[in-house]
Amino acid sequence: MSTPANSTAAPAGKALTIGLIGLAVTALAALLAPEKHGVALSYLVGVSYWTAIAIGMLLMILIHHITDASWSVVIRRQWEHGLAAFKWLFVLFLPLLILAWIKPGFVWPWMDKTYVLHGHGTVGTDILYLKKEGFLNIYTFTIMTLVFFAAWVWLSARLRKASFTQDSDGDVQWTYKNRFNSAIGLPIAALTLTFAAIYWIKSLEYHWFSTMYGVWFFANCARGALCGGVLIMVWLLNRGDYKGIINTNHFHSIGMLMLAFTVFWAYVTFSQYFLIWNANVPEETFWYNLRELNHDGSTNQWWYVGLVILFGHFVVPFCALLSYRFKVTPHIIRRIAYWTLAIILIDLCYNILPALKDEHGDSLPFLSLNLLWVLTSVIGVGGVCIWAYLKSFPTTKLIPIRDPRVGESLTHHE
Amino acid sequence: MAAPSYGLIATFETAPEIYHAAEQVRDAGYKNWDVIAPCPLHGLDKAMGLKRSIVPRISLAGGLTGFCTGMSLIWWTGASDYKLIVGGKPLFSPMFAFPVSYELTILFTAFATIIGMFVVNGLPRHYHPVLKYDQIKRGMDDAFFIVIEARDPRFNLANTTALLAKAGGKSIKELEA
């Protein structure tokens with residue numbers, strides 16, 4: 001159960017090196033590539049992907065404390081290490097924030113009032129922008145982004161400190177403190193992740209309306225964190241750290257949560273699509289039209305991406321996770337986790353990249369050089385996040401050994 | 001014995017005893033037998049060699065039936081039996097049939113699960129031969145029992161009694177059917 005201080009030093013160094021290479025390639029592409037707009041949006045995909053997973057880990061810890069859960073005590077510590085990524089995610093978001101100030105409208109078109117909209121004037125003369133100007137302007141965007149990261153870093157620091165300190169003094173007051181932190185943290189996390197999804201992703205098409213957007217992002221956050229949790233569990237089990245600590249039922253429980261959030265994601269995503277399809281109002285349908293059709297009525301690549309998401313993000317993991325055997329077999333649930341994490345990335349691409357348009361106002365195709373920049377961004381940001389996790393890993397015990405419910409967690413049963 | 005026998009019952013005093021006794025009965029290859037315990041014993045299902053319940057499969061069948069019922073209901077009423085255009089939509093689309101289908105998926109899954117559970121566990125049951133055993137109430141308090149039914153193909157009065165005695169069973173009695 002001990003964690004030698006250097007047990008993660010080598011992989012941490014490797015993760016950081018790979019991360020920095022990914023970031024360097026992305027930066028080079030941003031300077032040299034002919035289609036710089038695509039590089040910027042691909043980088044937004046990379047940053048929001050890992051931020052979503054980190055937010056999900058924050059949510060899992062908050063939900064754990066507020067429900068006084070016992071089974072997840074031994075896994076919670078790994079999510080707490082995951083929270084170490086937030087301050088680095090802030091640093092990695094800064095290039096986008098700086099870009100917003102030096103080249104307004106480059107990533108988020110509404111930041112530039114002279115930006116020419118396809119077919120009808122400029123942003124500055126657009127009634128749909130003018131009505132939303134109090135919410136959508138570069139000052140609120142900047143302040144809100146700073147508030148988001150401040151809230152996440154602050155909450156993470158409080159949760160981590162209480163949990164880590166309990167390891168040494170065993171004081172039950174830290175458990176109560178974290179329950180309090182969760183009570184105030186849950187609404188804060190819910191609001192910040194919703195507004196982050198709106199400002200960073202949804203506002204790329206600021207004409208659009210959807211009240212489901214924050215919930216859609218939340219579902220992906222939760223799924224990302226659960227899949228990340230599974231990968232860490234299997235990794236620590238194979239490495240020997242978790243031997244005798246986690247049993248079949250921990251996998252069963254986390255697998256049931258994965259199934260629940262798969263259904264939840266499908267419910268939310270289908271509701272958004274169905275209500276827009278059924279109402280058939282042009283102010284709303286255009287967002288899906290961009291992702292299905294070209295201006296001449298032909299089907300574009302995003303239509304197929306949508307189908308991949310429908311089947312890959314719901315049908316496949318849903319059917320797989322129905323099985324008890326799949327949920328409790330480490331190498332199978334790990335495969336489901338990898339699969340889901342890959343589709344979350346495609347889901348984010350689906351929501352972000354069609355903002356890139358050609359001269360007819362059609363979305364640029366999915367299969368393009370931008371996928372390469374998505375990959376370098378995800379590897380770049382991911383390398384830094386994994387490095388932050390691995391660097392935090394040896395600073396405490398493997399599990400919260402003096403948590404009042406650790407005994408229940410170690411003997412978790414159906 | 002002239003009267004037909006239901007089987008044999010043996011008493012065990014502690015959880016570890018019943019656990020190891022169950023393993024011996026399992027390894028002896030008996031199928032029609034059960035353990036009576038006053039509290040849930042984790043791991044006893046493995047010691048008894050029980051497989052996972054088939055109820056999840058019944059649930060799945062119910063869910064699939066519900067989904068297909070919903071889809072065909074909407075298709076048949078709106079696009080086949082009485083063709084009606086609503087809100088300028090196609091006569092049939094899985095899009096608007098989906099809410100109904102998924103509600104019926106849940107409903108039929110719930111029915112299949114509850115009914116399947118009762119069918120599989122045989123409840124409600126108003127009479128069981130062990131109720132005639134005068135010590136059976138201890139099974140709700142401080143004693144554990146193993147009951148091996150006479151209809152088990154391996155049942156043999158002498159051998160089964162010997163097995164239960166070897167497994168540590170006390171006061172081994174024959175039960176009236």
# chains A, B, ... in the order shown; residues from 1 in each chain; ligands from 1
call {"tool": "closest_atom_pairs", "arguments": {"of": "chain A", "to": "chain B", "cutoff": "8 Å", "atoms": "only C-alpha atoms", "output": "Markdown table"}}
result
| residue | atom | partner | partner_atom | distance |
| --- | --- | --- | --- | --- |
| A:Phe274 | CA | B:Met95 | CA | 6.6 |
| A:Asn278 | CA | B:Phe96 | CA | 7.8 |
| A:His413 | CA | B:His42 | CA | 7.6 |
call {"tool": "residues_around", "arguments": {"residues": "stretch 63-65 of chain A", "least_positions_apart": "6", "cutoff": "7 Å", "atoms": "only C-alpha atoms", "output": "PyMOL selection string"}}
result
chain A and resi 178-179+182
call {"tool": "write_last_selection", "arguments": {"atoms": "N, CA and C atoms", "output": "compact mmCIF listing (two decimals), in the first residue's frame"}}
result
# COMPACT_ATOMS: atom_id res chain seq x y z
N ASN A 178 -15.47 18.46 4.13
CA ASN A 178 -15.63 18.18 2.71
C ASN A 178 -17.09 18.02 2.33
N ARG A 179 -17.90 17.58 3.28
CA ARG A 179 -19.34 17.52 2.97
C ARG A 179 -19.87 18.95 2.81
N SER A 182 -18.76 20.28 -0.45
CA SER A 182 -19.53 19.72 -1.56
C SER A 182 -20.89 20.41 -1.68
call {"tool": "residues_around", "arguments": {"residues": "A:Leu356", "least_positions_apart": "2", "cutoff": "9 Å", "atoms": "only C-alpha atoms", "output": "list of chain:residue names"}}
result
A:His37, A:Gly38, A:Leu41, A:Ile352, A:Leu353, A:Pro354, A:Asp358, A:Gly361, A:Asp362, A:Ser363, A:Leu364, A:Pro365
call {"tool": "residues_around", "arguments": {"residues": "A:Lys14", "least_positions_apart": "5", "cutoff": "10 Å", "atoms": "only C-alpha atoms", "output": "ChimeraX atom specification"}}
result
/A:8-9,19-20,383,386-387
call {"tool": "write_last_selection", "arguments": {"atoms": "C-alpha atoms", "output": "mmCIF file, in the first residue's frame"}}
result
data_model
loop_
_atom_site.group_PDB
_atom_site.id
_atom_site.type_symbol
_atom_site.label_atom_id
_atom_site.label_comp_id
_atom_site.auth_asym_id
_atom_site.auth_seq_id
_atom_site.Cartn_x
_atom_site.Cartn_y
_atom_site.Cartn_z
ATOM 1 C CA THR A 8 5.676 7.617 -10.865
ATOM 2 C CA ALA A 9 8.640 9.880 -11.564
ATOM 3 C CA GLY A 19 2.783 16.724 -23.759
ATOM 4 C CA LEU A 20 5.309 19.440 -24.497
ATOM 5 C CA GLY A 383 0.426 15.013 -21.442
ATOM 6 C CA ILE A 386 -1.326 13.281 -16.827
ATOM 7 C CA TRP A 387 1.995 14.699 -15.656
#
call {"tool": "decode", "arguments": {"residues": "stretch 22-123 of chain B", "atoms": "C-alpha atoms", "output": "mmCIF file, in the first residue's frame"}}
result
data_model
loop_
_atom_site.group_PDB
_atom_site.id
_atom_site.type_symbol
_atom_site.label_atom_id
_atom_site.label_comp_id
_atom_site.auth_asym_id
_atom_site.auth_seq_id
_atom_site.Cartn_x
_atom_site.Cartn_y
_atom_site.Cartn_z
ATOM 1 C CA ALA B 22 -22.436 -25.456 1.954
ATOM 2 C CA GLU B 23 -19.150 -25.895 0.092
ATOM 3 C CA GLN B 24 -19.169 -29.616 0.884
ATOM 4 C CA VAL B 25 -22.764 -30.078 -0.263
ATOM 5 C CA ARG B 26 -21.938 -28.114 -3.439
ATOM 6 C CA ASP B 27 -18.872 -30.251 -4.100
ATOM 7 C CA ALA B 28 -20.896 -33.428 -3.527
ATOM 8 C CA GLY B 29 -22.913 -32.370 -6.598
ATOM 9 C CA TYR B 30 -26.340 -31.703 -5.082
ATOM 10 C CA LYS B 31 -28.674 -29.414 -7.031
ATOM 11 C CA ASN B 32 -31.995 -29.316 -5.122
ATOM 12 C CA TRP B 33 -30.959 -27.926 -1.792
ATOM 13 C CA ASP B 34 -30.975 -24.673 0.102
ATOM 14 C CA VAL B 35 -29.576 -22.816 3.060
ATOM 15 C CA ILE B 36 -31.760 -21.098 5.641
ATOM 16 C CA ALA B 37 -30.029 -18.263 7.461
ATOM 17 C CA PRO B 38 -31.260 -15.471 9.737
ATOM 18 C CA CYS B 39 -29.096 -12.863 7.987
ATOM 19 C CA PRO B 40 -27.492 -12.293 4.579
ATOM 20 C CA LEU B 41 -24.147 -14.083 4.286
ATOM 21 C CA HIS B 42 -21.855 -12.494 1.714
ATOM 22 C CA GLY B 43 -20.082 -15.052 -0.398
ATOM 23 C CA LEU B 44 -22.580 -17.793 0.424
ATOM 24 C CA ASP B 45 -23.799 -17.767 -3.185
ATOM 25 C CA LYS B 46 -20.320 -18.820 -4.272
ATOM 26 C CA ALA B 47 -20.061 -21.389 -1.477
ATOM 27 C CA MET B 48 -23.368 -22.848 -2.664
ATOM 28 C CA GLY B 49 -22.244 -22.755 -6.280
ATOM 29 C CA LEU B 50 -25.166 -20.553 -7.307
ATOM 30 C CA LYS B 51 -25.016 -18.930 -10.721
ATOM 31 C CA ARG B 52 -26.123 -15.352 -11.304
ATOM 32 C CA SER B 53 -29.859 -14.917 -11.584
ATOM 33 C CA ILE B 54 -31.503 -15.105 -15.004
ATOM 34 C CA VAL B 55 -33.756 -12.145 -14.131
ATOM 35 C CA PRO B 56 -31.528 -9.640 -16.053
ATOM 36 C CA ARG B 57 -32.131 -11.664 -19.236
ATOM 37 C CA ILE B 58 -35.875 -11.576 -18.660
ATOM 38 C CA SER B 59 -35.558 -7.806 -18.143
ATOM 39 C CA LEU B 60 -33.677 -7.470 -21.421
ATOM 40 C CA ALA B 61 -36.347 -9.445 -23.256
ATOM 41 C CA GLY B 62 -39.009 -7.214 -21.713
ATOM 42 C CA GLY B 63 -37.101 -4.097 -22.726
ATOM 43 C CA LEU B 64 -36.691 -5.209 -26.331
ATOM 44 C CA THR B 65 -40.374 -6.143 -26.492
ATOM 45 C CA GLY B 66 -41.297 -2.702 -25.147
ATOM 46 C CA PHE B 67 -39.081 -0.883 -27.638
ATOM 47 C CA CYS B 68 -40.483 -2.835 -30.588
ATOM 48 C CA THR B 69 -44.041 -2.374 -29.302
ATOM 49 C CA GLY B 70 -43.557 1.395 -29.135
ATOM 50 C CA MET B 71 -42.056 1.661 -32.593
ATOM 51 C CA SER B 72 -44.667 -0.549 -34.233
ATOM 52 C CA LEU B 73 -47.516 1.112 -32.324
ATOM 53 C CA ILE B 74 -46.568 4.531 -33.690
ATOM 54 C CA TRP B 75 -45.906 3.165 -37.154
ATOM 55 C CA TRP B 76 -49.146 1.171 -37.301
ATOM 56 C CA THR B 77 -51.455 3.878 -35.944
ATOM 57 C CA GLY B 78 -49.926 6.815 -37.842
ATOM 58 C CA ALA B 79 -48.536 5.367 -41.053
ATOM 59 C CA SER B 80 -50.547 2.198 -41.691
ATOM 60 C CA ASP B 81 -53.987 1.887 -40.128
ATOM 61 C CA TYR B 82 -55.042 5.546 -40.304
ATOM 62 C CA LYS B 83 -52.589 7.674 -42.248
ATOM 63 C CA LEU B 84 -52.440 11.079 -40.624
ATOM 64 C CA ILE B 85 -50.051 13.958 -41.180
ATOM 65 C CA VAL B 86 -49.310 15.791 -37.928
ATOM 66 C CA GLY B 87 -47.367 19.051 -37.845
ATOM 67 C CA GLY B 88 -46.053 18.596 -41.397
ATOM 68 C CA LYS B 89 -44.007 15.630 -40.275
ATOM 69 C CA PRO B 90 -43.561 12.363 -42.170
ATOM 70 C CA LEU B 91 -46.160 9.670 -41.526
ATOM 71 C CA PHE B 92 -43.547 7.733 -39.630
ATOM 72 C CA SER B 93 -40.192 8.714 -38.234
ATOM 73 C CA PRO B 94 -38.227 6.945 -35.491
ATOM 74 C CA MET B 95 -37.624 10.441 -34.145
ATOM 75 C CA PHE B 96 -41.133 11.014 -32.791
ATOM 76 C CA ALA B 97 -41.686 7.327 -32.118
ATOM 77 C CA PHE B 98 -38.676 7.339 -29.837
ATOM 78 C CA PRO B 99 -40.163 8.920 -26.687
ATOM 79 C CA VAL B 100 -43.018 6.402 -26.722
ATOM 80 C CA SER B 101 -40.684 3.519 -27.485
ATOM 81 C CA TYR B 102 -38.337 4.328 -24.718
ATOM 82 C CA GLU B 103 -41.148 4.823 -22.198
ATOM 83 C CA LEU B 104 -42.475 1.407 -23.153
ATOM 84 C CA THR B 105 -38.943 0.000 -22.931
ATOM 85 C CA ILE B 106 -38.802 1.135 -19.320
ATOM 86 C CA LEU B 107 -42.347 -0.008 -18.531
ATOM 87 C CA PHE B 108 -41.940 -3.469 -20.049
ATOM 88 C CA THR B 109 -38.492 -3.846 -18.463
ATOM 89 C CA ALA B 110 -39.984 -3.050 -15.071
ATOM 90 C CA PHE B 111 -42.850 -5.529 -15.561
ATOM 91 C CA ALA B 112 -40.526 -8.229 -16.859
ATOM 92 C CA THR B 113 -38.137 -7.698 -13.957
ATOM 93 C CA ILE B 114 -40.795 -7.848 -11.234
ATOM 94 C CA ILE B 115 -42.714 -10.741 -12.786
ATOM 95 C CA GLY B 116 -39.497 -12.544 -13.709
ATOM 96 C CA MET B 117 -38.229 -12.207 -10.163
ATOM 97 C CA PHE B 118 -41.409 -13.692 -8.684
ATOM 98 C CA VAL B 119 -41.429 -16.537 -11.191
ATOM 99 C CA VAL B 120 -37.774 -17.344 -10.559
ATOM 100 C CA ASN B 121 -37.840 -17.128 -6.757
ATOM 101 C CA GLY B 122 -41.213 -18.873 -6.466
ATOM 102 C CA LEU B 123 -42.827 -16.242 -4.257
#
